[in-house]
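Q: Encoded as structure tokens, here's the structure I'll be asking about.
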Amino acid sequence: MHSAGREDIDVRMLGNGRPFYVQLTNVRKFPSQEVLNALQDNINRTAGKKVCCHRLTPVTRSQTELVKKAVVSTQSTGDYEIRRGDKDKKEQQEKKRENDAAEESAKRLKKLEDDKKKWEESREERVTTWKDFQMKGEKKKKKKHMLGTFKPPKPKLEERN
């Protein structure tokens, strides 16, 4: 028996169902439509509401290829969905990383700008402080005496009378 779609135990079928075919091997006589109708009635009666068959008909080899292609496409679609979900997660994580990096970069730039602005605002204070420091340094140099050395007296100008 071959069918289109997933045939897992936990899959529930909604709607009109999935196409399937039964491959008979070593058949001496091909079943007629009456035999197929009787088989359909037997399946519907014995399986209850779990399984239901509609329009059992003989199919050609080309029609079975369509069902096989549907099986492959549903499996590959499921695989594609899984891969796409993984890809979407990776893309979201990458976007989040990029956004975090951009925010961090923006924070750093803002901090640098703020620091530069504060540096410029405090310029006058720094300059006056440095000028004061230099002036105090010059005064100290004038008052500084070397210990242990002889300092000659200041010359006095003579006055003539």
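Residue numbering restarts at 1 in every chain; chains get A, B, ... in the order shown in the structure tokens, and ligands count up from 1 in that same order.
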Please run DSSP on the backbone and report, as number ranges by chain, all residues within stretch 49-106 of chain A that come out as alpha helix (DSSP H).
A: A: 61-106
Q: So, with only C-alpha atoms as the atoms that count, which of A:Asp100, A:Asn26, A:Leu56, A:Gly85 lies closest to A:Ile43?
A: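 Closest residue, counting only C-alpha atoms: A:Leu56.
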Q: In terms of the shortest atom-to-atom distance over only C-alpha atoms, which of A:Val22, A:Val27, A:Ile82, A:Ala47 is closest to A:Arg61?
A: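 Going through A:Val22, A:Val27, A:Ile82, A:Ala47 one by one, the smallest distance to A:Arg61 is for A:Val22.
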